[in-house]
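Chemist: This structure is in structure tokens; I'll ask about it shortly.
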Amino acid sequence: MKIIESIEEMREYSQQLKCQGKTIAAVQTVGYLHDGHMSLVNIAKENADVVVMNPIAMTDLLSFSTEWPKDYKKYLIESEAQYQQQSLEKDLQICKKYKVDLFFHPSMLDLYPYPVQTITISHKILNNLNTAATAYISWVLDVDIKQWNSILPDIIVVGQKDIHQSLLQKTMATVFQFPIKVIIAPTIRDADGMALSSRNRFLTPSERQDATSVYQTLQEISKWSTYPPVTEIKEYITNRISQANGRVFYIDICICSSETLEELDVIDKETVIVILARFGEVDIWDNIIIKPQGTK
């Protein structure tokens, strides 16, 4: 496995691969790799000649802030040092095990000599999000553009778990005419139903138990034979998760086939239900696609 830390070297190497007729697939993560990430690697290997793992560790303080602090470079350095101490060697070993071709890990200071530049897309998904989530998505889009211009991927593989982010990446590739195919892969779950996520490591055992209520609630709803109005479904979800000590930030119940995630009043077609809830200090994102009886 080749390891590259320089943005310029990454771009030059990708150009060499393309001159050889090779296709490149990128898997972008926040590091702290798990089986969910590696399932994306397997899909990438099926669709491209070269697979690039691209972990970008970032502190929540920055990624969820609408304004970066004046001493943001200190936080970048601390975030990178923490990742190197806690997970970098483990991530390298996992990538070697799964035969990843290239591990691209540029310096955070090289990526962010200046604070995140806000990327604005007039999009239904962004209109639905709260302020913190919108700041997060803006950071994601900024990272994507930087990484796409460094890796020059033909394909990126992303997970359904972060469906807002995944659909926005597809939208951005179209809006800015990036020659990139976006593949959205199924969510991978633990035995208790929790979607695999780097954030899960911050949950205490009791918070972890409470957080399983998110997917349990989604599963319950998916098995209903008939559906009440969406307002009642949202109320049911909120009450169910609140009883498990969770705080619901938002619930989207949208047309599954619509890349704008158009909200529904009643579930009468294939639908995606998206939940963002907080347990302790950890945000849990999850979703499920349901198909009502009698729909095609």
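For the structure tokens, the naming scheme is as follows: chains receive sequential letters (A, B, ...) according to their order of presentation, residues are indexed from 1 within each chain, and ligands are indexed from 1 in presentation order.
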Can you pull out the residues contacting Ser197 in chain A? Cut-off 10 Å, using only C-alpha atoms, and skip same-chain residues under 5 positions away; I want them as a compact mmCIF listing (two decimals) with all heavy atoms, in the first residue's frame.
Modeler:
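Writing done, so here's around15.txt:
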```txt
# COMPACT_ATOMS: atom_id res chain seq x y z
N VAL A 30 -13.65 10.11 8.19
CA VAL A 30 -13.03 10.96 9.22
C VAL A 30 -12.05 10.12 10.05
O VAL A 30 -11.71 10.47 11.18
CB VAL A 30 -14.09 11.60 10.15
CG1 VAL A 30 -14.89 12.62 9.39
CG2 VAL A 30 -14.99 10.54 10.78
N TYR A 32 -10.57 6.66 12.09
CA TYR A 32 -11.13 5.74 13.08
C TYR A 32 -11.94 4.66 12.36
O TYR A 32 -13.14 4.48 12.60
CB TYR A 32 -11.97 6.48 14.11
CG TYR A 32 -11.20 7.56 14.85
CD1 TYR A 32 -11.16 8.87 14.36
CD2 TYR A 32 -10.48 7.26 16.00
CE1 TYR A 32 -10.41 9.85 15.01
CE2 TYR A 32 -9.74 8.23 16.67
CZ TYR A 32 -9.72 9.53 16.16
OH TYR A 32 -8.99 10.50 16.81
N LEU A 33 -11.29 3.96 11.44
CA LEU A 33 -11.97 3.07 10.51
C LEU A 33 -12.63 1.87 11.20
O LEU A 33 -12.15 1.36 12.21
CB LEU A 33 -10.97 2.57 9.46
CG LEU A 33 -10.27 3.67 8.64
CD1 LEU A 33 -9.32 3.05 7.63
CD2 LEU A 33 -11.29 4.57 7.94
N HIS A 34 -13.75 1.44 10.61
CA HIS A 34 -14.48 0.28 11.10
C HIS A 34 -15.01 -0.51 9.91
O HIS A 34 -14.76 -0.15 8.75
CB HIS A 34 -15.62 0.71 12.05
CG HIS A 34 -16.50 1.79 11.50
ND1 HIS A 34 -17.31 1.61 10.39
CD2 HIS A 34 -16.71 3.07 11.89
CE1 HIS A 34 -17.99 2.71 10.14
NE2 HIS A 34 -17.63 3.63 11.03
N ASP A 35 -15.76 -1.58 10.19
CA ASP A 35 -16.23 -2.46 9.12
C ASP A 35 -17.14 -1.74 8.13
O ASP A 35 -17.21 -2.12 6.95
CB ASP A 35 -16.97 -3.66 9.71
CG ASP A 35 -16.03 -4.64 10.40
OD1 ASP A 35 -14.81 -4.54 10.18
OD2 ASP A 35 -16.52 -5.51 11.14
N GLY A 36 -17.86 -0.73 8.60
CA GLY A 36 -18.70 0.03 7.68
C GLY A 36 -17.87 0.71 6.60
O GLY A 36 -18.21 0.68 5.42
N HIS A 37 -16.77 1.33 7.01
CA HIS A 37 -15.88 1.96 6.04
C HIS A 37 -15.32 0.94 5.07
O HIS A 37 -15.23 1.18 3.86
CB HIS A 37 -14.71 2.65 6.76
CG HIS A 37 -15.11 3.81 7.61
ND1 HIS A 37 -14.67 3.95 8.91
CD2 HIS A 37 -15.90 4.88 7.37
CE1 HIS A 37 -15.16 5.06 9.43
NE2 HIS A 37 -15.92 5.64 8.52
N LYS A 161 -25.97 5.69 5.40
CA LYS A 161 -26.20 6.20 6.75
C LYS A 161 -26.24 7.73 6.77
O LYS A 161 -27.08 8.33 7.43
CB LYS A 161 -25.12 5.70 7.72
CG LYS A 161 -25.33 6.15 9.15
CD LYS A 161 -24.20 5.74 10.06
CE LYS A 161 -22.97 6.59 9.85
NZ LYS A 161 -23.19 7.99 10.32
N ASP A 162 -25.31 8.36 6.06
CA ASP A 162 -25.28 9.82 5.98
C ASP A 162 -25.97 10.25 4.68
O ASP A 162 -25.34 10.82 3.78
CB ASP A 162 -23.83 10.31 6.01
CG ASP A 162 -23.11 9.88 7.28
OD1 ASP A 162 -23.68 10.09 8.37
OD2 ASP A 162 -22.02 9.32 7.18
N THR A 187 -26.17 0.79 4.48
CA THR A 187 -25.67 0.98 5.84
C THR A 187 -25.28 -0.36 6.45
O THR A 187 -26.00 -1.35 6.33
CB THR A 187 -26.76 1.64 6.72
OG1 THR A 187 -27.12 2.90 6.15
CG2 THR A 187 -26.26 1.85 8.15
N ILE A 188 -24.13 -0.40 7.11
CA ILE A 188 -23.67 -1.60 7.82
C ILE A 188 -23.93 -1.40 9.32
O ILE A 188 -23.65 -0.32 9.86
CB ILE A 188 -22.17 -1.85 7.58
CG1 ILE A 188 -21.89 -1.94 6.07
CG2 ILE A 188 -21.72 -3.12 8.28
CD1 ILE A 188 -22.61 -3.06 5.37
N ARG A 189 -24.47 -2.45 9.96
CA ARG A 189 -24.90 -2.31 11.35
C ARG A 189 -24.23 -3.32 12.27
O ARG A 189 -23.83 -4.41 11.85
CB ARG A 189 -26.43 -2.47 11.44
CG ARG A 189 -27.17 -1.43 10.63
CD ARG A 189 -28.68 -1.53 10.78
NE ARG A 189 -29.32 -0.50 9.97
CZ ARG A 189 -29.49 0.76 10.35
NH1 ARG A 189 -29.09 1.12 11.57
NH2 ARG A 189 -30.04 1.66 9.56
N ASP A 190 -24.15 -2.95 13.56
CA ASP A 190 -23.70 -3.88 14.59
C ASP A 190 -24.84 -4.84 14.95
O ASP A 190 -25.98 -4.67 14.48
CB ASP A 190 -23.27 -3.11 15.85
CG ASP A 190 -21.77 -2.89 15.89
OD1 ASP A 190 -21.02 -3.74 15.37
OD2 ASP A 190 -21.34 -1.86 16.44
N ILE A 284 -26.44 11.04 16.81
CA ILE A 284 -26.67 9.78 16.11
C ILE A 284 -27.54 10.04 14.89
O ILE A 284 -28.67 10.53 15.01
CB ILE A 284 -27.35 8.74 17.03
CG1 ILE A 284 -26.47 8.45 18.25
CG2 ILE A 284 -27.66 7.46 16.26
CD1 ILE A 284 -25.12 7.85 17.92
N TRP A 285 -27.00 9.72 13.71
CA TRP A 285 -27.74 9.86 12.46
C TRP A 285 -28.15 8.46 11.98
O TRP A 285 -27.35 7.53 12.01
CB TRP A 285 -26.87 10.48 11.37
CG TRP A 285 -26.23 11.79 11.68
CD1 TRP A 285 -25.26 12.04 12.62
CD2 TRP A 285 -26.49 13.03 11.06
NE1 TRP A 285 -24.89 13.35 12.60
CE2 TRP A 285 -25.64 14.00 11.65
CE3 TRP A 285 -27.35 13.44 10.03
CZ2 TRP A 285 -25.63 15.32 11.27
CZ3 TRP A 285 -27.34 14.76 9.65
CH2 TRP A 285 -26.50 15.69 10.26
```
Chemist: For Met38 in chain A, work out the shell of residues within 9 Å, counting only C-alpha atoms and skipping chain neighbours fewer than 3 positions away, then give it as a PyMOL selection string.
Modeler: chain A and resi 27+33-35+41-43+94-95+98
Chemist: Could you write out, as a list in words, all the residues of range 154-211 of chain A that DSSP marks as alpha helix (DSSP H)?
Modeler: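 After running DSSP on the backbone, range 154-211 of chain A has alpha helix (DSSP H) at Ile163, His164, Gln165, Ser166, Leu167, Leu168, Gln169, Lys170, Thr171, Met172, Ala173, Thr174, Val175, Pro205, Ser206, Glu207, Arg208, Gln209, Asp210 and Ala211 of chain A.
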Chemist: Excluding Gln147 in chain A and residues on its chain fewer than 2 positions from it, collect all residues at most 10 Å away from it, counting only C-alpha atoms, and give them as an MDAnalysis selection string.
Modeler: chainID A and resid 7 10:11 26 28 54 56 104 106 111 141:145 149:153
Chemist: Residues as selected, all heavy atoms, written as a compact mmCIF listing (two decimals), in the first residue's frame, can you do that?
Modeler:
```txt
# COMPACT_ATOMS: atom_id res chain seq x y z
N ILE A 7 -0.42 16.90 -0.95
CA ILE A 7 -1.50 17.14 -1.91
C ILE A 7 -0.95 17.15 -3.33
O ILE A 7 -1.54 16.56 -4.25
CB ILE A 7 -2.20 18.48 -1.59
CG1 ILE A 7 -2.95 18.37 -0.25
CG2 ILE A 7 -3.17 18.87 -2.71
CD1 ILE A 7 -3.52 19.68 0.25
N MET A 10 -0.10 13.64 -4.46
CA MET A 10 -1.32 12.88 -4.72
C MET A 10 -1.86 13.20 -6.10
O MET A 10 -2.22 12.32 -6.88
CB MET A 10 -2.37 13.20 -3.64
CG MET A 10 -3.71 12.45 -3.82
SD MET A 10 -3.64 10.69 -3.49
CE MET A 10 -3.82 10.02 -5.15
N ARG A 11 -1.93 14.49 -6.42
CA ARG A 11 -2.46 14.91 -7.72
C ARG A 11 -1.59 14.38 -8.86
O ARG A 11 -2.10 13.88 -9.87
CB ARG A 11 -2.56 16.43 -7.77
CG ARG A 11 -3.29 16.96 -9.01
CD ARG A 11 -3.40 18.46 -8.99
NE ARG A 11 -4.22 18.93 -7.88
CZ ARG A 11 -3.78 19.73 -6.92
NH1 ARG A 11 -2.52 20.13 -6.90
NH2 ARG A 11 -4.59 20.12 -5.97
N ALA A 26 -12.41 6.68 -4.66
CA ALA A 26 -12.02 7.25 -3.36
C ALA A 26 -13.07 6.92 -2.30
O ALA A 26 -14.27 6.96 -2.56
CB ALA A 26 -11.87 8.76 -3.47
N GLN A 28 -13.84 8.45 1.29
CA GLN A 28 -13.51 9.55 2.19
C GLN A 28 -14.14 9.30 3.55
O GLN A 28 -15.33 9.01 3.66
CB GLN A 28 -14.01 10.86 1.60
CG GLN A 28 -13.32 11.23 0.29
CD GLN A 28 -14.01 12.38 -0.43
OE1 GLN A 28 -14.29 12.29 -1.60
NE2 GLN A 28 -14.27 13.45 0.29
N ASN A 54 -9.08 7.87 2.22
CA ASN A 54 -8.76 9.26 2.47
C ASN A 54 -9.35 9.70 3.82
O ASN A 54 -10.42 10.28 3.87
CB ASN A 54 -9.31 10.12 1.32
CG ASN A 54 -9.07 11.59 1.51
OD1 ASN A 54 -9.87 12.39 1.08
ND2 ASN A 54 -7.98 11.97 2.15
N ILE A 56 -9.84 12.04 6.97
CA ILE A 56 -9.62 13.44 7.37
C ILE A 56 -10.19 13.59 8.77
O ILE A 56 -11.41 13.64 8.96
CB ILE A 56 -10.33 14.42 6.41
CG1 ILE A 56 -9.77 14.27 5.01
CG2 ILE A 56 -10.16 15.85 6.92
CD1 ILE A 56 -8.30 14.64 4.87
N PHE A 104 -4.19 8.17 1.51
CA PHE A 104 -3.89 9.59 1.33
C PHE A 104 -4.27 10.34 2.60
O PHE A 104 -5.44 10.45 2.96
CB PHE A 104 -4.67 10.14 0.14
CG PHE A 104 -4.51 11.62 -0.08
CD1 PHE A 104 -3.27 12.23 -0.02
CD2 PHE A 104 -5.61 12.42 -0.37
CE1 PHE A 104 -3.12 13.60 -0.22
CE2 PHE A 104 -5.48 13.78 -0.58
CZ PHE A 104 -4.23 14.37 -0.51
N PRO A 106 -3.21 13.86 4.01
CA PRO A 106 -2.51 15.14 4.01
C PRO A 106 -2.59 15.83 5.36
O PRO A 106 -3.46 15.54 6.18
CB PRO A 106 -3.27 15.94 2.95
CG PRO A 106 -4.65 15.39 3.00
CD PRO A 106 -4.49 13.92 3.28
N LEU A 111 -4.44 21.34 4.21
CA LEU A 111 -5.82 21.39 3.72
C LEU A 111 -6.49 22.71 4.08
O LEU A 111 -7.29 23.24 3.31
CB LEU A 111 -6.63 20.25 4.32
CG LEU A 111 -6.65 18.91 3.59
CD1 LEU A 111 -7.49 17.92 4.38
CD2 LEU A 111 -7.17 19.05 2.18
N LEU A 141 -18.82 19.72 2.20
CA LEU A 141 -18.69 20.11 0.80
C LEU A 141 -17.33 20.75 0.53
O LEU A 141 -16.72 20.53 -0.52
CB LEU A 141 -19.82 21.08 0.41
CG LEU A 141 -21.25 20.53 0.53
CD1 LEU A 141 -22.24 21.57 0.04
CD2 LEU A 141 -21.41 19.22 -0.22
N ASP A 142 -16.85 21.54 1.48
CA ASP A 142 -15.52 22.15 1.35
C ASP A 142 -14.44 21.06 1.28
O ASP A 142 -13.56 21.09 0.42
CB ASP A 142 -15.26 23.07 2.54
CG ASP A 142 -13.91 23.76 2.48
OD1 ASP A 142 -12.91 23.12 2.86
OD2 ASP A 142 -13.86 24.91 2.06
N VAL A 143 -14.54 20.07 2.18
CA VAL A 143 -13.58 18.96 2.18
C VAL A 143 -13.65 18.21 0.86
O VAL A 143 -12.63 17.86 0.26
CB VAL A 143 -13.85 18.01 3.35
CG1 VAL A 143 -13.05 16.72 3.19
CG2 VAL A 143 -13.52 18.67 4.67
N ASP A 144 -14.88 17.95 0.39
CA ASP A 144 -15.05 17.19 -0.85
C ASP A 144 -14.34 17.86 -2.02
O ASP A 144 -13.60 17.20 -2.77
CB ASP A 144 -16.53 17.04 -1.18
CG ASP A 144 -17.22 16.03 -0.29
OD1 ASP A 144 -16.52 15.16 0.26
OD2 ASP A 144 -18.45 16.12 -0.14
N ILE A 145 -14.56 19.15 -2.20
CA ILE A 145 -13.95 19.84 -3.33
C ILE A 145 -12.43 19.78 -3.24
O ILE A 145 -11.73 19.52 -4.22
CB ILE A 145 -14.44 21.30 -3.40
CG1 ILE A 145 -15.91 21.31 -3.85
CG2 ILE A 145 -13.58 22.11 -4.37
CD1 ILE A 145 -16.51 22.69 -3.93
N ASN A 149 -10.21 17.53 -5.95
CA ASN A 149 -9.19 18.20 -6.76
C ASN A 149 -7.79 17.65 -6.49
O ASN A 149 -6.86 17.88 -7.28
CB ASN A 149 -9.20 19.71 -6.50
CG ASN A 149 -10.34 20.40 -7.20
OD1 ASN A 149 -10.82 19.95 -8.23
ND2 ASN A 149 -10.81 21.51 -6.64
N SER A 150 -7.61 16.92 -5.39
CA SER A 150 -6.32 16.30 -5.08
C SER A 150 -6.24 14.88 -5.61
O SER A 150 -5.26 14.49 -6.25
CB SER A 150 -6.09 16.28 -3.56
OG SER A 150 -6.12 17.58 -3.02
N ILE A 151 -7.30 14.09 -5.37
CA ILE A 151 -7.30 12.68 -5.74
C ILE A 151 -7.69 12.47 -7.21
O ILE A 151 -7.26 11.51 -7.84
CB ILE A 151 -8.27 11.89 -4.82
CG1 ILE A 151 -7.83 12.02 -3.36
CG2 ILE A 151 -8.35 10.43 -5.21
CD1 ILE A 151 -8.84 11.48 -2.36
N LEU A 152 -8.50 13.36 -7.74
CA LEU A 152 -9.02 13.24 -9.11
C LEU A 152 -9.74 11.91 -9.32
O LEU A 152 -9.48 11.18 -10.28
CB LEU A 152 -7.88 13.38 -10.13
CG LEU A 152 -6.97 14.61 -10.00
CD1 LEU A 152 -5.87 14.58 -11.06
CD2 LEU A 152 -7.78 15.90 -10.08
N PRO A 153 -10.68 11.57 -8.43
CA PRO A 153 -11.33 10.26 -8.53
C PRO A 153 -12.32 10.20 -9.69
O PRO A 153 -12.92 11.20 -10.08
CB PRO A 153 -12.07 10.13 -7.20
CG PRO A 153 -12.39 11.55 -6.83
CD PRO A 153 -11.22 12.36 -7.31
```
Chemist: What does the distance between CA of Ile3 in chain A and CA of Ser198 in chain A come to in Å, to one decimal place?
Modeler: 22.0 Å
Chemist: Distance CA of Gly246 in chain A-CA of Ile289 in chain A, one decimal place?
Modeler: 21.9 Å
Chemist: What's around range 234-242 of chain A at 10 Å? Count only C-alpha atoms, leave out sequence neighbours fewer than 6 positions away in its own chain, and write the answer as JSON, numbers by chain.
Modeler: {"A": [210, 211, 212, 213, 214, 215, 216, 217, 218, 220, 221, 248, 249, 250, 251, 252, 253, 273, 275, 277, 278, 279]}
Chemist: One decimal, in Å: what's the spacing between CA of Val100 in chain A and CA of Ala44 in chain A?
Modeler: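 Answer for the CA of Val100 in chain A to CA of Ala44 in chain A separation: 9.6 Å.
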Chemist: Using the chain letters and numbers from this document, which residues of range 73-223 of chain A does DSSP assign to strand (DSSP E), as a VMD selection string?
Modeler: chain A and resid 102 to 104 155 to 159 181 to 185
Chemist: Give me the residues near Leu102 in chain A as number ranges by chain, where near means some atom within 7 Å (using only C-alpha atoms) and where sequence neighbours in that chain fewer than 3 positions away do not count.
Modeler: A: 1-3, 51-53
Chemist: Residues of the last selection are to be written out with C-alpha atoms, as a PDB file, in the first residue's frame.
Modeler:
```pdb
ATOM      1  CA  MET A   1       0.000   0.000   0.000  1.00  0.00           C
ATOM      2  CA  LYS A   2       1.347   3.386  -0.987  1.00  0.00           C
ATOM      3  CA  ILE A   3       1.088   6.222   1.558  1.00  0.00           C
ATOM      4  CA  VAL A  51      -8.790   2.437  -4.361  1.00  0.00           C
ATOM      5  CA  VAL A  52      -7.750   5.467  -2.316  1.00  0.00           C
ATOM      6  CA  MET A  53      -8.596   5.646   1.394  1.00  0.00           C
TER       7      MET A  53
END
```
Chemist: Closest to His105 in chain A among A:Ile4, A:Val182, A:Val158, A:Ala173, using only C-alpha atoms?
Modeler: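 Going through A:Ile4, A:Val182, A:Val158, A:Ala173 one by one, the smallest distance to His105 in chain A is for A:Ile4.
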Chemist: Just checking: using only C-alpha atoms, which residue out of A:Trp224, A:Leu109, A:Leu92, A:Asp101 ends up closest to Glu78 in chain A?
Modeler: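 Of all the options, A:Leu109 lies closest to Glu78 in chain A.
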Chemist: So that I can check the surroundings of Ala185 in chain A, please list as an MDAnalysis selection string every protein, DNA and RNA residue that reaches within 7 Å of it, counting only C-alpha atoms and ignoring chain neighbours fewer than 2 positions away.
Modeler: chainID A and resid 40 157:160 183 187
